[in-house]
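Pasted below: protein-v1.txt, compact mmCIF, C-alpha atoms and all ligand atoms.
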```txt
# COMPACT_ATOMS: atom_id res chain seq x y z
CA MET A 1 25.13 -15.80 -3.30
CA LYS A 2 24.53 -17.38 -6.71
CA ALA A 3 21.72 -15.30 -8.19
CA LEU A 4 19.36 -16.04 -11.05
CA ILE A 5 17.53 -12.91 -12.22
CA THR A 6 14.55 -13.67 -14.45
CA GLY A 7 13.95 -10.83 -16.90
CA ILE A 8 17.56 -9.66 -16.46
CA THR A 9 17.50 -7.51 -19.62
CA GLY A 10 14.46 -5.48 -18.48
CA PHE A 11 14.51 -2.06 -16.81
CA VAL A 12 14.78 -3.35 -13.22
CA GLY A 13 16.78 -6.46 -14.20
CA LYS A 14 19.66 -4.39 -15.59
CA HIS A 15 19.86 -2.30 -12.40
CA LEU A 16 19.72 -5.42 -10.21
CA GLU A 17 22.49 -7.05 -12.23
CA ALA A 18 24.65 -3.93 -11.80
CA LEU A 19 24.08 -4.01 -8.03
CA LEU A 20 24.77 -7.74 -7.64
CA LYS A 21 27.82 -8.02 -9.85
CA ASP A 22 30.21 -7.40 -6.92
CA LYS A 23 28.15 -9.37 -4.41
CA ALA A 24 27.18 -12.54 -6.28
CA ASP A 25 27.63 -14.84 -9.24
CA VAL A 26 24.90 -13.56 -11.52
CA TYR A 27 22.88 -15.43 -14.16
CA GLY A 28 19.73 -14.37 -15.89
CA THR A 29 16.91 -15.25 -18.23
CA SER A 30 15.51 -13.38 -21.19
CA ARG A 31 12.68 -14.14 -23.62
CA LEU A 32 15.05 -13.50 -26.51
CA ASN A 33 18.22 -15.27 -27.49
CA ARG A 34 21.22 -13.26 -26.22
CA SER A 35 24.91 -13.51 -26.93
CA GLU A 36 25.96 -13.08 -23.27
CA LYS A 37 27.02 -16.43 -21.78
CA HIS A 38 25.31 -15.84 -18.40
CA ILE A 39 21.90 -15.14 -19.96
CA PHE A 40 19.63 -18.05 -20.91
CA GLU A 41 16.62 -17.92 -23.22
CA VAL A 42 13.52 -18.93 -21.20
CA ASP A 43 9.94 -17.70 -21.55
CA PHE A 44 8.30 -19.32 -18.49
CA SER A 45 5.55 -20.99 -20.46
CA GLU A 46 7.29 -24.33 -19.91
CA GLU A 47 8.13 -25.78 -16.54
CA THR A 48 10.59 -28.37 -17.88
CA LYS A 49 12.93 -25.73 -19.33
CA ILE A 50 13.02 -23.94 -15.97
CA ILE A 51 13.78 -27.17 -14.12
CA GLU A 52 16.70 -27.81 -16.50
CA LEU A 53 17.97 -24.28 -15.99
CA ILE A 54 17.82 -24.54 -12.20
CA LYS A 55 19.67 -27.85 -12.31
CA THR A 56 22.34 -26.34 -14.56
CA ILE A 57 22.91 -23.06 -12.68
CA LYS A 58 22.13 -24.25 -9.12
CA PRO A 59 21.23 -20.75 -7.85
CA THR A 60 20.96 -19.99 -4.15
CA HIS A 61 18.60 -17.08 -4.87
CA ILE A 62 16.10 -16.35 -7.63
CA PHE A 63 14.84 -12.81 -8.25
CA HIS A 64 11.70 -13.29 -10.34
CA LEU A 65 11.39 -10.02 -12.28
CA ALA A 66 10.14 -11.47 -15.57
CA GLY A 67 6.57 -10.52 -16.40
CA LEU A 68 4.35 -7.79 -17.79
CA SER A 69 4.39 -4.44 -16.00
CA ASN A 70 2.29 -1.82 -17.81
CA VAL A 71 -0.95 -1.19 -15.92
CA LYS A 72 -2.72 0.61 -18.79
CA ASP A 73 -1.79 -2.15 -21.30
CA SER A 74 -3.29 -4.77 -19.01
CA TRP A 75 -6.79 -3.52 -19.90
CA ASN A 76 -6.19 -4.47 -23.55
CA HIS A 77 -4.31 -7.73 -22.93
CA LYS A 78 -5.98 -9.26 -19.89
CA ALA A 79 -5.29 -12.92 -20.73
CA ASP A 80 -1.62 -12.17 -21.56
CA PHE A 81 -1.14 -10.60 -18.14
CA ILE A 82 -2.62 -13.63 -16.38
CA GLN A 83 -0.53 -15.94 -18.57
CA GLY A 84 2.74 -14.02 -18.26
CA ASN A 85 2.51 -13.05 -14.60
CA VAL A 86 0.44 -15.74 -12.89
CA ILE A 87 1.00 -18.89 -14.97
CA GLY A 88 4.66 -17.91 -15.47
CA THR A 89 5.12 -17.69 -11.69
CA ILE A 90 3.36 -21.03 -11.15
CA HIS A 91 5.81 -22.63 -13.58
CA LEU A 92 8.75 -21.09 -11.74
CA LEU A 93 7.51 -22.14 -8.28
CA GLU A 94 6.70 -25.67 -9.47
CA ALA A 95 10.18 -25.90 -10.99
CA VAL A 96 11.79 -24.77 -7.73
CA ARG A 97 9.65 -27.24 -5.75
CA LYS A 98 10.74 -30.10 -8.00
CA ALA A 99 14.36 -29.13 -8.71
CA ASP A 100 15.66 -27.64 -5.47
CA HIS A 101 13.33 -26.89 -2.61
CA GLN A 102 15.95 -24.85 -0.69
CA ILE A 103 16.37 -21.97 -3.16
CA ASN A 104 15.36 -18.54 -1.86
CA VAL A 105 12.88 -16.97 -4.27
CA LEU A 106 11.86 -13.32 -4.35
CA THR A 107 8.71 -12.57 -6.36
CA VAL A 108 7.79 -9.04 -7.41
CA GLY A 109 4.27 -7.83 -6.85
CA SER A 110 2.97 -4.27 -6.91
CA SER A 111 1.13 -1.60 -4.96
CA GLU A 112 -1.59 -2.21 -7.58
CA GLU A 113 -2.47 -5.32 -5.53
CA TYR A 114 -4.02 -3.04 -2.89
CA GLY A 115 -6.16 -1.20 -5.43
CA LEU A 116 -9.16 0.45 -3.86
CA ILE A 117 -8.09 1.16 -0.29
CA PRO A 118 -10.39 2.13 2.61
CA GLN A 119 -11.32 5.83 2.55
CA GLY A 120 -9.12 8.01 4.73
CA LEU A 121 -6.28 5.48 4.93
CA ASP A 122 -3.13 7.55 4.52
CA LYS A 123 -0.54 4.82 3.98
CA VAL A 124 -1.04 1.23 2.96
CA THR A 125 0.61 -1.44 5.13
CA GLU A 126 1.10 -5.10 4.22
CA GLU A 127 -2.00 -5.85 6.31
CA THR A 128 -4.30 -3.68 4.16
CA ALA A 129 -6.84 -5.83 2.29
CA LEU A 130 -6.08 -6.51 -1.39
CA ASN A 131 -8.73 -5.03 -3.66
CA PRO A 132 -7.14 -4.65 -7.12
CA VAL A 133 -8.91 -2.54 -9.74
CA SER A 134 -6.83 -3.44 -12.83
CA PRO A 135 -6.11 -6.73 -14.62
CA TYR A 136 -2.43 -6.09 -13.81
CA GLY A 137 -3.27 -5.66 -10.10
CA ILE A 138 -5.22 -8.93 -10.15
CA SER A 139 -2.28 -10.76 -11.74
CA LYS A 140 0.15 -9.39 -9.12
CA SER A 141 -2.14 -10.15 -6.18
CA ALA A 142 -2.45 -13.74 -7.47
CA ILE A 143 1.36 -13.98 -7.36
CA GLY A 144 1.29 -12.82 -3.72
CA MET A 145 -1.30 -15.50 -2.91
CA LEU A 146 0.81 -18.14 -4.65
CA VAL A 147 3.77 -17.17 -2.49
CA ASN A 148 1.66 -17.75 0.59
CA LEU A 149 0.39 -21.05 -0.77
CA TYR A 150 3.80 -22.43 -1.76
CA HIS A 151 5.31 -21.39 1.56
CA LYS A 152 2.50 -22.80 3.71
CA SER A 153 1.82 -25.95 1.68
CA TYR A 154 5.32 -26.92 0.55
CA GLY A 155 7.64 -24.95 2.85
CA LEU A 156 9.24 -23.08 -0.06
CA ASN A 157 11.55 -20.17 0.86
CA VAL A 158 9.64 -17.62 -1.12
CA ILE A 159 9.17 -13.93 -0.30
CA HIS A 160 6.98 -11.31 -1.99
CA ALA A 161 8.10 -7.70 -2.58
CA ARG A 162 5.40 -5.08 -3.24
CA PRO A 163 7.12 -2.15 -4.95
CA PHE A 164 5.23 1.09 -5.44
CA ASN A 165 6.01 3.22 -8.53
CA HIS A 166 9.64 2.80 -9.50
CA ILE A 167 11.30 5.07 -11.98
CA GLY A 168 14.68 5.92 -13.43
CA PRO A 169 16.72 6.32 -16.58
CA GLY A 170 16.14 3.44 -18.99
CA GLN A 171 12.47 2.86 -18.21
CA ARG A 172 10.37 2.30 -21.33
CA LEU A 173 7.73 4.68 -22.62
CA GLY A 174 4.23 3.95 -21.32
CA PHE A 175 5.13 4.95 -17.73
CA VAL A 176 4.42 8.47 -16.59
CA THR A 177 7.92 9.86 -15.99
CA SER A 178 9.29 8.46 -19.27
CA ASP A 179 6.22 9.68 -21.18
CA PHE A 180 6.58 13.24 -19.85
CA ALA A 181 10.38 13.47 -20.10
CA TYR A 182 10.52 12.00 -23.62
CA GLN A 183 7.99 14.47 -25.02
CA ILE A 184 9.67 17.46 -23.35
CA ALA A 185 13.04 16.27 -24.69
CA LEU A 186 11.58 16.07 -28.22
CA ILE A 187 10.25 19.62 -27.90
CA ASN A 188 13.61 20.93 -26.61
CA LYS A 189 15.51 19.26 -29.42
CA GLY A 190 13.16 20.88 -31.95
CA ILE A 191 11.87 17.48 -33.11
CA THR A 192 8.28 18.18 -31.99
CA LYS A 193 7.38 21.56 -33.50
CA ASP A 194 4.00 22.27 -31.89
CA SER A 195 5.37 22.17 -28.25
CA ILE A 196 2.40 20.05 -27.19
CA LEU A 197 2.86 17.60 -24.30
CA ARG A 198 0.11 14.97 -24.24
CA ILE A 199 -0.79 13.79 -20.77
CA GLY A 200 -3.27 11.57 -18.92
CA ASN A 201 -4.72 11.98 -15.42
CA LEU A 202 -2.75 14.54 -13.34
CA ASN A 203 -4.90 14.27 -10.23
CA THR A 204 -3.57 11.00 -8.83
CA VAL A 205 -1.06 10.71 -5.99
CA ARG A 206 1.62 8.02 -6.16
CA ASP A 207 4.70 6.99 -4.14
CA PHE A 208 7.83 7.12 -6.34
CA THR A 209 11.14 5.37 -5.63
CA ASP A 210 14.27 5.43 -7.77
CA VAL A 211 14.92 2.04 -9.35
CA ARG A 212 18.46 2.05 -7.88
CA ASP A 213 16.93 2.17 -4.38
CA ILE A 214 14.36 -0.47 -5.35
CA VAL A 215 17.01 -3.03 -6.31
CA GLU A 216 18.91 -2.36 -3.05
CA ALA A 217 15.67 -3.19 -1.24
CA TYR A 218 15.23 -6.42 -3.23
CA TYR A 219 18.75 -7.48 -2.27
CA HIS A 220 18.10 -6.79 1.43
CA ILE A 221 14.76 -8.61 1.35
CA ALA A 222 16.35 -11.61 -0.38
CA CYS A 223 19.11 -11.72 2.27
CA SER A 224 17.03 -11.21 5.41
CA GLY A 225 13.31 -11.34 4.62
CA GLU A 226 11.09 -13.97 6.18
CA ALA A 227 9.71 -16.66 3.90
CA GLY A 228 5.98 -16.38 3.22
CA GLU A 229 5.97 -12.64 4.03
CA ALA A 230 5.22 -9.61 1.83
CA TYR A 231 7.19 -6.34 2.07
CA ASN A 232 6.18 -2.93 0.73
CA VAL A 233 9.01 -1.16 -1.11
CA CYS A 234 8.27 2.56 -1.15
CA THR A 235 9.19 5.92 0.39
CA GLY A 236 5.98 6.71 2.29
CA GLN A 237 5.74 10.08 0.47
CA GLY A 238 2.79 10.86 -1.79
CA VAL A 239 3.39 13.04 -4.85
CA PHE A 240 0.78 14.49 -7.21
CA ILE A 241 1.38 13.61 -10.87
CA GLN A 242 0.77 17.33 -11.51
CA ASP A 243 3.92 18.08 -9.43
CA ILE A 244 5.94 15.54 -11.42
CA LEU A 245 4.82 17.35 -14.56
CA GLU A 246 5.80 20.77 -13.17
CA THR A 247 9.27 19.53 -12.21
CA PHE A 248 9.87 18.22 -15.74
CA ILE A 249 8.58 21.47 -17.24
CA SER A 250 11.07 23.38 -15.04
CA PHE A 251 13.92 21.53 -16.87
CA SER A 252 12.66 22.75 -20.23
CA ASN A 253 14.14 25.71 -22.09
CA LYS A 254 11.06 25.96 -24.28
CA LYS A 255 7.47 26.76 -23.46
CA ILE A 256 5.33 23.62 -23.10
CA ASN A 257 1.62 23.43 -23.96
CA VAL A 258 -0.13 20.68 -22.04
CA LEU A 259 -3.02 18.78 -23.61
CA VAL A 260 -5.08 15.99 -22.02
CA ASP A 261 -5.13 13.01 -24.37
CA PRO A 262 -8.22 10.83 -23.68
CA SER A 263 -6.37 7.74 -24.96
CA LYS A 264 -4.04 8.05 -21.93
CA LEU A 265 -6.88 7.83 -19.42
CA ARG A 266 -7.71 4.45 -17.81
CA VAL A 267 -10.92 2.52 -17.35
CA ALA A 268 -10.40 2.75 -13.59
CA GLU A 269 -7.64 3.77 -11.20
CA MET A 270 -7.08 4.79 -7.59
CA SER A 271 -6.72 8.48 -6.80
CA ARG A 272 -4.12 7.93 -4.06
CA LEU A 273 -1.70 5.06 -3.45
CA VAL A 274 1.03 5.68 -0.89
CA GLY A 275 2.81 2.93 1.02
CA ASP A 276 4.06 2.44 4.56
CA PRO A 277 7.62 1.11 4.29
CA GLY A 278 7.91 0.52 8.07
CA LYS A 279 8.11 -3.29 7.89
CA LEU A 280 11.04 -3.18 5.47
CA PHE A 281 12.83 -0.38 7.40
CA LYS A 282 12.53 -2.39 10.59
CA LEU A 283 13.77 -5.61 9.02
CA THR A 284 16.73 -4.28 7.04
CA GLY A 285 17.31 -0.60 7.84
CA TRP A 286 16.87 0.09 4.10
CA LYS A 287 16.00 3.68 3.29
CA PRO A 288 15.73 5.27 -0.14
CA GLN A 289 18.79 7.42 -0.90
CA GLN A 290 17.92 9.18 -4.16
CA LYS A 291 16.05 12.50 -4.13
CA LEU A 292 13.00 12.56 -6.39
CA GLU A 293 14.07 15.73 -8.19
CA ASP A 294 17.51 14.23 -8.98
CA THR A 295 15.87 11.09 -10.33
CA LEU A 296 13.56 13.16 -12.55
CA LYS A 297 16.56 15.11 -13.85
CA ASP A 298 18.41 11.85 -14.61
CA ILE A 299 15.35 10.64 -16.52
CA TYR A 300 15.13 13.90 -18.47
CA ASP A 301 18.87 13.79 -19.32
CA TYR A 302 18.50 10.16 -20.41
CA TRP A 303 15.77 11.09 -22.92
CA ILE A 304 17.69 14.18 -24.11
CA GLY A 305 20.56 11.80 -24.87
CA LYS A 306 18.27 9.33 -26.66
CA CYS A 307 16.37 11.74 -28.95
N1 LIG B 401 1.79 6.13 -18.14
C1 LIG B 401 1.26 7.35 -18.03
N2 LIG B 401 1.41 8.23 -19.08
N3 LIG B 401 0.63 7.68 -16.90
C2 LIG B 401 0.12 8.92 -16.80
C3 LIG B 401 0.22 9.87 -17.83
C4 LIG B 401 0.91 9.50 -19.03
O1 LIG B 401 1.05 10.29 -19.99
N4 LIG B 401 -0.39 11.02 -17.42
C5 LIG B 401 -0.83 10.79 -16.19
N5 LIG B 401 -0.55 9.52 -15.79
C6 LIG B 401 -0.90 8.94 -14.48
C7 LIG B 401 -1.58 7.57 -14.53
O2 LIG B 401 -2.98 7.72 -14.80
C8 LIG B 401 -1.28 7.07 -13.11
O3 LIG B 401 -2.21 7.61 -12.18
C9 LIG B 401 0.10 7.66 -12.79
O4 LIG B 401 0.32 8.70 -13.77
C10 LIG B 401 1.24 6.65 -12.85
O5 LIG B 401 1.12 5.92 -14.06
P1 LIG B 401 2.26 4.90 -14.55
O6 LIG B 401 3.58 5.56 -14.59
O7 LIG B 401 1.78 4.29 -15.84
O8 LIG B 401 2.37 3.85 -13.39
P2 LIG B 401 1.28 2.95 -12.64
O9 LIG B 401 1.04 3.58 -11.31
O10 LIG B 401 0.10 2.68 -13.46
O11 LIG B 401 2.08 1.58 -12.46
C11 LIG B 401 3.46 1.58 -12.11
O12 LIG B 401 3.63 1.43 -10.76
C12 LIG B 401 3.23 0.16 -10.23
C13 LIG B 401 3.46 0.19 -8.75
O13 LIG B 401 2.64 1.12 -8.19
C14 LIG B 401 4.16 0.48 -12.89
O14 LIG B 401 5.56 0.66 -12.76
C15 LIG B 401 3.78 -0.88 -12.39
O15 LIG B 401 4.55 -1.90 -13.03
C16 LIG B 401 4.04 -0.93 -10.90
O16 LIG B 401 3.69 -2.17 -10.36
```
Target encoding structure tokens, full file:
Amino acid sequence: MKALITGITGFVGKHLEALLKDKADVYGTSRLNRSEKHIFEVDFSEETKIIELIKTIKPTHIFHLAGLSNVKDSWNHKADFIQGNVIGTIHLLEAVRKADHQINVLTVGSSEEYGLIPQGLDKVTEETALNPVSPYGISKSAIGMLVNLYHKSYGLNVIHARPFNHIGPGQRLGFVTSDFAYQIALINKGITKDSILRIGNLNTVRDFTDVRDIVEAYYHIACSGEAGEAYNVCTGQGVFIQDILETFISFSNKKINVLVDPSKLRVAEMSRLVGDPGKLFKLTGWKPQQKLEDTLKDIYDYWIGKC
């Protein structure tokens, strides 16, 4: 495998690079100029630069991770999310179509594509209708539709992964586990004096997978997934955000006072979003290996080390 990872310096990109380094020749793209020889500066607003890159590297596989990922931010930057996620993907797919039709491309969508799911549905399968309720979800569902279009119309070998919440050490602030762990770390290090942890909505249920399991799944999908198909990447277990909070608080040596911060609430969101990973299990045998509590501890230790 000769892999090109777009967004290689991001949270998931770094973990995917670490996984692939013994399995493939790895190249990557970043928006910023980097000193590493295998990383090229590309921002996906220009098709011609991507065509040049593909002709230079000649990848067998492209993992398209580049894009914007913060659901809450997408309400304030709607056009940027369409530009970065949808138009960026069009430029990549056009470049592949023109430069080398045979490349296997994996695009990354999101459980946010499903959005408002039918009442009473316990786990979302790939067949569940897409009904996104955030600008981010709309941008990711458009990517999924583009995959279908490019496969059906041009025969491109493109596959769409739909990861549910993925977490781990190194994830930026602005995502729930980093936000909680960072603030509790600050309190434990005596940097925040008032012991107040500011939180958003604790009543939602989400399906959390460790990023190290997520990148394993991407590798398996890229190796054996069927072109034109979408695959959920998730555990199938729903967890209340309240329980995530309680686990982090159990790591703390200091008393924590929790305060709801209205600025952390969203215009709209789903109360429950849990996936059915059956299609991926059946195809590849992939199963998540990391225990949620261990992942949360790793995240807490990461932030203790950073503060
Ligand atoms: N970020 C954040 N910060 N979320 C909070 C907080 C907080 O302080 N308090 C409660 N929440 C709740 C949110 O309202 C949401 O219901 C849940 O925690 C998870 O929020 P995020 O971690 O921001 O993730 P997300 O579900 O919006 O999106 C993530 O998962 C998607 C897949 O399901 C992102 O990683 C997306 O990029 C990804 O596609």
Quiz item: Using all atoms listed in the file, can you list as JSON, numbers by chain the residues within 8 Å of (15.4, -15.5, 0.1)?
Solution: {"A": [61, 62, 103, 104, 105, 106, 157, 158, 159, 221, 222, 223, 224, 225, 226, 227]}
Exercise. Using only C-alpha atoms and all ligand atoms, find each protein or nucleic acid residue lying at most 6 Å from ligand LIG 401 (chain B); present the set as a PyMOL selection string.
Key: chain A and resi 69-71+110-112+163-166+174-176+179+199-202+204+241+264
Grab the residues selected above and save them as a PDB file, keeping the file's coordinate frame with C-alpha atoms.
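Generated output (out19.pdb):
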```pdb
ATOM      1  CA  SER A  69       4.390  -4.440 -16.000  1.00  0.00           C
ATOM      2  CA  ASN A  70       2.290  -1.820 -17.810  1.00  0.00           C
ATOM      3  CA  VAL A  71      -0.950  -1.190 -15.920  1.00  0.00           C
ATOM      4  CA  SER A 110       2.970  -4.270  -6.910  1.00  0.00           C
ATOM      5  CA  SER A 111       1.130  -1.600  -4.960  1.00  0.00           C
ATOM      6  CA  GLU A 112      -1.590  -2.210  -7.580  1.00  0.00           C
ATOM      7  CA  PRO A 163       7.120  -2.150  -4.950  1.00  0.00           C
ATOM      8  CA  PHE A 164       5.230   1.090  -5.440  1.00  0.00           C
ATOM      9  CA  ASN A 165       6.010   3.220  -8.530  1.00  0.00           C
ATOM     10  CA  HIS A 166       9.640   2.800  -9.500  1.00  0.00           C
ATOM     11  CA  GLY A 174       4.230   3.950 -21.320  1.00  0.00           C
ATOM     12  CA  PHE A 175       5.130   4.950 -17.730  1.00  0.00           C
ATOM     13  CA  VAL A 176       4.420   8.470 -16.590  1.00  0.00           C
ATOM     14  CA  ASP A 179       6.220   9.680 -21.180  1.00  0.00           C
ATOM     15  CA  ILE A 199      -0.790  13.790 -20.770  1.00  0.00           C
ATOM     16  CA  GLY A 200      -3.270  11.570 -18.920  1.00  0.00           C
ATOM     17  CA  ASN A 201      -4.720  11.980 -15.420  1.00  0.00           C
ATOM     18  CA  LEU A 202      -2.750  14.540 -13.340  1.00  0.00           C
ATOM     19  CA  THR A 204      -3.570  11.000  -8.830  1.00  0.00           C
ATOM     20  CA  ILE A 241       1.380  13.610 -10.870  1.00  0.00           C
ATOM     21  CA  LYS A 264      -4.040   8.050 -21.930  1.00  0.00           C
TER      22      LYS A 264
END
```
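When CA of Ile54 in chain A is paired with CA of Gly109 in chain A, their separation reads 22.2 Å.
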Practice problem: Would you please work out which residue, of A:Glu47, A:Pro135, A:Ile8, A:Lys152, is nearest to Asp80 in chain A when using all atoms listed in the file? | Solution: A:Pro135
Quiz prompt | Contacts of Gly120 in chain A at 12 Å (only C-alpha atoms; same-chain gap of 6+ positions) as an NGL selection string | solution = :A and (271-274)
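CA of Gly275 in chain A lies 22.9 Å from CA of Ile299 in chain A.
Take the candidates A:Val96, A:Ile256, A:Leu245, A:Leu265 and check each one against Gly155 in chain A using all atoms listed in the file; the shortest distance goes to A:Val96.
Proximity ranking of A:Gln171, A:Thr247, A:Asn203, A:Thr295 relative to Ile184 in chain A places A:Thr247 first, based on only C-alpha atoms.
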Exercise. Tell me which protein, DNA and RNA residues are within 12 Å of Val211 in chain A, counting all atoms listed in the file, leaving out same-chain ones fewer than 6 positions away, and put them as a PyMOL selection string.
Key: chain A and resi 10-16+18-19+163-171+217-218+233-235+288-292+295-296+298-299
Exercise. Using only C-alpha atoms, give me every residue within 8 Å of (-0.3, -5.6, -4.5) in file coordinates, as a PyMOL selection string.
Key: chain A and resi 109-115+130+132+137+140-141+144+162
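Counting from CA of Phe180 in chain A, the distance to CA of Asp261 in chain A is 12.6 Å.
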Assuming 4 Å of padding per side, give the centre and edge lengths of the axis-aligned box around every listed atom of range 160-177 of chain A, in Å to one decimal and as lines of an AutoDock Vina configuration file.
```
center_x = 10.5
center_y = -0.7
center_z = -12.3
size_x = 20.5
size_y = 29.2
size_z = 28.6
```
